[in-house]
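**Q** Right, I'll just put the structure down here and ask away after.
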Amino acid sequence: MITELGHFALILAFMIAIVQMVIPMIGAQKRWSGWMAVAEPAAQAQFLFTAFAFGALMWAFVTSDFSVRLVTLNSHSAKPMLYKISGTWGNHEGSMLLWVLIVSLFGAAASLGGAGLPPTLKARVLAVQAAIGVAFFAFILFTSNPFVRLINPPFDGQDLNPLLQDPGLAFHPPFLYLGYVGLSMAFSFAVAALIEGRVDAAWGRWVRPWTLAAWIFLTIGIALGSWWAYYELGWGGFWFWDPVENASFMPWLLSAALLHSAIVVEKRESLKSWTILLAILAFGFSLIGTFIVRSGLLTSVHAFANDPERGVVILFILALFTGGALTLFALRAQSMEAKGVFSMVSRESALVANNLFLAVSCFVVFVGTLWPVVAEMLFDRKLSVGAPFFNAAFPPFMVALGIIMPIGAMLPWKRARIGRTLWSLRYAGGLALALAGLVWSLQSDKSLLGPIGVLLGTWIVFGAAMDLWSRIGHVGRLHRLWRLPRADWGKSVAHAGLGVTLFAIAGLTAWEQEDIRIAQIDAPFQVGAYQLVLTGVTEGRGPNYFTTQGVVEVFHEGRAVATLTPEKRIYPVAQMPTTEAAIDYRFTRDLYVVIGDAQEGGGYTVRTYIKPFANWIWGGCLLMAFGGLLSLTDRRFRVAAGARKTPVTGVPAE
């Protein structure tokens with residue numbers, strides 16, 4: 001019964017979304033206040049009905065209702081409760097229901113928190129947001145209904161993909177979707193502004209919090225996915241340039257560019273057309289990611305579905321919204337005249353350079369991801385574009401971005417003197433050069449990667465600190481630091497987080513040690529500065545799997561420092577093995593051990609990695625997200641837009 005009610009609620013949400021898409025848009029065009037007012041209750045009702053539908057599907061998973069086809073295909077009665085819950089979105093149909101839930105959530109949030117918006121703009125924003133919901137409601141109801149019943153339900157289910165039965169992957173999709181779908185709000189603001197034919201400083205101020213929230217969620221989601229790949233897949237890496245990894249990374253790059261260009265719109269009323277274009281493209285790349293994951297176009301361990309027919313429908317939605325918005329952009333671009341002028345040396349110019357580096361790096365990732373498909377379609381050649389291409393083509397843009405970041409953050413608006421800013425950063429630059437030189441002299445292989453990572457990380461982190469220091473005026477008045485706006489703190493913390501992450505990636509890549517061998521029981525072996533002993537291997541079982549678990553004792557200079565228990569698991573229902581790495585986490589390094597199969601001559605295959613600064617990668621990501629959150633809590637985001645509100649008088653509909 002609850003399942004049928006959930007299905008009915010989804011249909012009602014679809015119908016409400018249609019009303020929200022049409023009535024407020026007409027009302028805004030005619031200036032009918034009553035019709036425009038329909039948008040707010042419709043957005044809230046749409047969210048409530050969608051939330052009920054999602055809750056009904058989750059209830060079916062929690063109670064193991066195998067009369068629901070989706071539960072049968074993606075759950076099992078012996079599965080732990082956390083993974084029964086995450087099974088709700090660990091599949092194509094459930095993940096699409098989560099998608100529309102978040103679309104409606106952002107629409108409801110805009111209806112409740114958009115008191116400072118002009119009525120016509122607010123009505124159009126909510127109407128465009130509803131249009132996105134309509135497309136995906138229709139996609140779910142007509143091609144991917146999660147509430148389909150089975151006539152003859154089985155006794156038990158087929159289980160969730162074992163790779164997804166992990167805490168990291170339980171929370172990774174919701175955060176990623178909050179970021180993906182959160183960019184729909186920036187898209188809705190952009191299209192609404194194009195329809196109105198007006199983009200001004202107030203518009204830039206309104207769109208920034210939504211973009212910032214989406215960027216924060218994307219940062220957390222990508223970090224969770226990277227961490228999961230690191231400890232769960234057993235291959236020892238944190239990023240593989242997998243097509244689905246790239247599908248989430250491209251919107252992150254564009255949303256970061258959008259955040260910075262919106263600042264220029266708000267402060268200087270420049271870059272209007274470019275900012276609108278970024279808002280369209282950022283959400284467009286979110287739709288591209290949805291298409292990649294579900295169409296079967298590209299193979300990935302993260303893919304939800306391999307269904308070209310449903311992929312065509314998503315491709316049509318992508319073409320409809322992105323193509324329609326770009327067409328509207330072409331028609332309206334001439335009305336978005338920039339007012340602010342600035343010199344070549346200014347904060348505006350630095351932000352333009354920031355945008356160019358981010359946009360070009362996104363284009364590099366896009367080409368590398370889709371080129372194998374293009375080559376096969378056009379040239380009948382099967383190509384593989386992997387990590388070597390991305391590692392050669394992508395980092396130069398990040399290095400250039402890192403170099404200009406501290407400088408651009410401290411340049412004045414409109415016109416600046418580069419010498420004065422560089423002098424303010426002299427201590428950060430000197431420290432960065434000194435540390436890079438020290439690392440170069442100490443390392444044995446004389447690789448440039450490690451020193452460059454130290455140079456760049458130190459430059460960005462201490463450049464962010466110098467930016468804060470320069471804002472307190474007199475050196476002795478440290479108490480003024482705590483009175484700085486949260487947005488200033490947030491910017492510096494987020495920039496420092498990027499510096500930490502770049503340093504950690506370079507350090508891990510340059511100084512990682514790897515050892516692969518057949519380890520005999522109780523026979524010690526050396527890896528770097530550590531001595532390891534495989535003391536035993538046992539067989540066991542978990543809630544829904546069988547396990548082969550090794551016990552590895554780790555010694556450093558004759559002293560025991562850790563006992564690690566790597567595993568190989570077999571999930572009998574899915575007939576799928578997984579590797580569970582054992583990791584000794586320390587502040588400056590991880591010791592990473594993976595056990596393999598038993599060998600005919602005795603012993604087991606054991607892979608060991610020493611990974612310097614691995615945890616700093618995700619620590620830097622958390623710093624970036626925390627910096628974004630600090631900025632988001634700045635009260636200027638809540639009150640400034642309202643202060644710029646332009647009253648619009650409406651006439652009642654006849």
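By convention in this document, the chains of the structure tokens carry letters A, B, ... by their order, each chain's residues are numbered from 1, and ligands are numbered from 1 in the order they are shown.
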Could you name the residues that touch range 608-622 of chain A at 9 Å or less, counting only C-alpha atoms, but leaving out those on the same chain fewer than 3 positions away, as a PyMOL selection string?
**A** chain A and resi 219-220+222-224+226-227+236+238+494+496-505+507-509+511-517+527-528+585-595+625-627
**Q** Can you list every residue in range 282-464 of chain A that DSSP puts in alpha helix (DSSP H), as a PyMOL selection string?
**A** chain A and resi 282-295+308-318+324-332+347-379+387-393+395-410+418-424+426-442+449-464
**Q** As a VMD selection string, please: the residues near Ala39 in chain A (cut-off 8 Å, only C-alpha atoms, same-chain neighbours under 4 positions excluded).
**A** chain A and resid 20 23 to 24 35 43 111 123 126 to 127
**Q** Considering only C-alpha atoms, can you say which of A:His260, A:Gly289, A:Glu376, A:Val606 comes closest to Glu245 in chain A?
**A**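 Comparing A:His260, A:Gly289, A:Glu376, A:Val606 against Glu245 in chain A, the winner is A:Gly289.
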**Q** If we count only C-alpha atoms and set the cut-off at 9 Å, which residues sit around Arg208 in chain A, ignoring sequence neighbours fewer than 3 positions away in its own chain? Please answer as a PyMOL selection string.
**A** chain A and resi 186+203-205+211-213+258-260+262-263+637
**Q** Just the number, please: distance in Å from CA of His495 in chain A to CA of Ala257 in chain A, one decimal.
**A**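 We find that CA of His495 in chain A and CA of Ala257 in chain A lie 13.5 Å from each other.
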**Q** Excluding Val399 in chain A and its own-chain neighbours fewer than 2 positions away, which residues fall within 12 Å of it when counting only C-alpha atoms? Please give them as a list in words.
**A**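 Once the nearby chain positions are removed, what remains is Asn354, Phe357, Leu358, Ser361, Ala393, Phe394, Pro395, Pro396, Phe397, Leu401, Gly402, Ile403, Ile404, Met405, Leu449, Ile452, Gly453, Val454, Leu455, Leu456, Gly457, Trp459, Ile460, Leu498, Gly499, Leu502, Phe503 and Ala506 of chain A.
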**Q** When you count only C-alpha atoms, which of these residues is closest to Ile280 in chain A: A:Phe389, A:Phe189, A:Phe61, A:Tyr230?
**A** A:Phe189
**Q** So that I can check the surroundings of Glu269 in chain A, please list as an mmCIF file with N, CA and C atoms, in the first residue's frame every protein, DNA and RNA residue that reaches within 10 Å of it, counting only C-alpha atoms and ignoring chain neighbours fewer than 3 positions away.
**A**
data_model
loop_
_atom_site.group_PDB
_atom_site.id
_atom_site.type_symbol
_atom_site.label_atom_id
_atom_site.label_comp_id
_atom_site.auth_asym_id
_atom_site.auth_seq_id
_atom_site.Cartn_x
_atom_site.Cartn_y
_atom_site.Cartn_z
ATOM 1 N N VAL A 199 20.799 41.615 -16.214
ATOM 2 C CA VAL A 199 21.759 41.028 -15.284
ATOM 3 C C VAL A 199 22.488 42.183 -14.625
ATOM 4 N N ASP A 200 22.400 42.278 -13.298
ATOM 5 C CA ASP A 200 23.042 43.380 -12.594
ATOM 6 C C ASP A 200 23.752 42.854 -11.349
ATOM 7 N N ALA A 201 24.251 43.787 -10.541
ATOM 8 C CA ALA A 201 24.988 43.399 -9.343
ATOM 9 C C ALA A 201 24.125 42.588 -8.384
ATOM 10 N N ALA A 202 22.847 42.947 -8.282
ATOM 11 C CA ALA A 202 21.955 42.202 -7.388
ATOM 12 C C ALA A 202 21.802 40.760 -7.864
ATOM 13 N N TRP A 203 21.721 40.564 -9.156
ATOM 14 C CA TRP A 203 21.616 39.199 -9.697
ATOM 15 C C TRP A 203 22.858 38.389 -9.314
ATOM 16 N N GLY A 204 24.053 38.994 -9.462
ATOM 17 C CA GLY A 204 25.273 38.297 -9.076
ATOM 18 C C GLY A 204 25.283 37.926 -7.604
ATOM 19 N N ALA A 262 30.945 35.450 -10.805
ATOM 20 C CA ALA A 262 29.785 36.106 -10.185
ATOM 21 C C ALA A 262 30.228 37.216 -9.238
ATOM 22 N N ILE A 263 31.406 37.057 -8.638
ATOM 23 C CA ILE A 263 31.940 38.121 -7.788
ATOM 24 C C ILE A 263 32.175 39.386 -8.612
ATOM 25 N N VAL A 264 32.695 39.221 -9.834
ATOM 26 C CA VAL A 264 32.950 40.376 -10.691
ATOM 27 C C VAL A 264 31.626 41.032 -11.096
ATOM 28 N N VAL A 265 30.605 40.219 -11.370
ATOM 29 C CA VAL A 265 29.293 40.793 -11.688
ATOM 30 C C VAL A 265 28.769 41.602 -10.513
ATOM 31 N N GLU A 266 28.903 41.045 -9.318
ATOM 32 C CA GLU A 266 28.381 41.718 -8.123
ATOM 33 C C GLU A 266 29.149 42.993 -7.803
ATOM 34 N N LYS A 272 29.228 39.907 -17.443
ATOM 35 C CA LYS A 272 27.837 39.438 -17.330
ATOM 36 C C LYS A 272 27.566 38.279 -18.281
ATOM 37 N N MET A 336 23.161 42.415 -22.326
ATOM 38 C CA MET A 336 23.941 42.317 -21.089
ATOM 39 C C MET A 336 25.227 43.109 -21.226
ATOM 40 N N GLU A 337 25.078 44.402 -21.337
ATOM 41 C CA GLU A 337 26.226 45.283 -21.518
ATOM 42 C C GLU A 337 26.972 45.451 -20.203
ATOM 43 N N ALA A 338 28.276 45.279 -20.259
ATOM 44 C CA ALA A 338 29.105 45.454 -19.066
ATOM 45 C C ALA A 338 29.270 46.938 -18.761
ATOM 46 N N LYS A 339 29.199 47.276 -17.466
ATOM 47 C CA LYS A 339 29.327 48.671 -17.045
ATOM 48 C C LYS A 339 30.718 48.979 -16.512
ATOM 49 N N GLY A 340 31.270 48.071 -15.731
ATOM 50 C CA GLY A 340 32.559 48.325 -15.103
ATOM 51 C C GLY A 340 33.711 48.144 -16.077
ATOM 52 N N VAL A 341 34.677 49.040 -16.018
ATOM 53 C CA VAL A 341 35.901 48.908 -16.820
ATOM 54 C C VAL A 341 37.059 48.681 -15.858
#
**Q** When distances are computed from only C-alpha atoms, which of A:Leu112, A:Val493, A:Leu433, A:Leu70 shows the smallest separation from Leu630 in chain A?
**A** A:Val493
**Q** So what do you get for CA of Gly157 in chain A versus CA of Gly540 in chain A, distance-wise?
**A**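 Taking CA of Gly157 in chain A as the start and CA of Gly540 in chain A as the end point, the length is 22.9 Å.
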**Q** Please provide the set of residues having any atom within 8 Å of Val68 in chain A, restricted to only C-alpha atoms, with same-chain residues fewer than 5 positions apart removed, written as a ChimeraX atom specification.
**A** /A:60,147-150,153
**Q** Kindly indicate which residue among A:Phe136, A:Trp241, A:Phe217, A:Trp235 lies nearest to Leu287 in chain A, using only C-alpha atoms for the distances.
**A**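 Using only C-alpha atoms, Leu287 in chain A sits closest to A:Phe136.
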**Q** Nearest to Ser86 in chain A: which of A:Ala108, A:Ala190, A:Cys362, A:Leu164 is it, counting only C-alpha atoms?
**A** A:Leu164
**Q** Could you check how far CA of Leu632 in chain A sits from CA of Asn355 in chain A, in Å to one decimal?
**A**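 That distance, rounded to one decimal, is 20.8 Å.
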**Q** Distance table requested - range 78-159 of chain A against range 571-583 of chain A, cut-off 12 Å, only C-alpha atoms: one row per qualifying residue with the closest atom pair and its distance in Å to one decimal, ordered by chain and rising residue number, as CSV.
**A**
residue,atom,partner,partner_atom,distance
A:Ala78,CA,A:Val573,CA,10.1
A:Lys79,CA,A:Val573,CA,10.5
A:Asp156,CA,A:Val573,CA,9.9
A:Gly157,CA,A:Val573,CA,8.5
A:Gln158,CA,A:Val573,CA,6.2
A:Asp159,CA,A:Ala574,CA,6.3
**Q** Selected residues, N, CA and C atoms, written as a short mmCIF file (atom, residue, chain, number, x, y, z; two decimals), in the first residue's frame, please.
**A**
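Everything below was put into result32.cif:
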data_model
loop_
_atom_site.label_atom_id
_atom_site.label_comp_id
_atom_site.auth_asym_id
_atom_site.auth_seq_id
_atom_site.Cartn_x
_atom_site.Cartn_y
_atom_site.Cartn_z
N ALA A 78 19.70 -10.22 4.19
CA ALA A 78 20.85 -10.32 5.10
C ALA A 78 21.76 -9.09 5.05
N LYS A 79 21.42 -8.13 4.22
CA LYS A 79 22.27 -6.96 4.06
C LYS A 79 22.15 -6.05 5.29
N ASP A 156 13.88 -13.93 -1.74
CA ASP A 156 14.94 -13.00 -1.34
C ASP A 156 15.44 -12.25 -2.56
N GLY A 157 16.23 -11.20 -2.33
CA GLY A 157 16.69 -10.35 -3.42
C GLY A 157 18.04 -10.76 -3.96
N GLN A 158 18.49 -10.00 -4.98
CA GLN A 158 19.75 -10.29 -5.66
C GLN A 158 20.93 -9.50 -5.10
N ASP A 159 20.70 -8.72 -4.06
CA ASP A 159 21.74 -7.98 -3.35
C ASP A 159 22.18 -6.74 -4.13
#
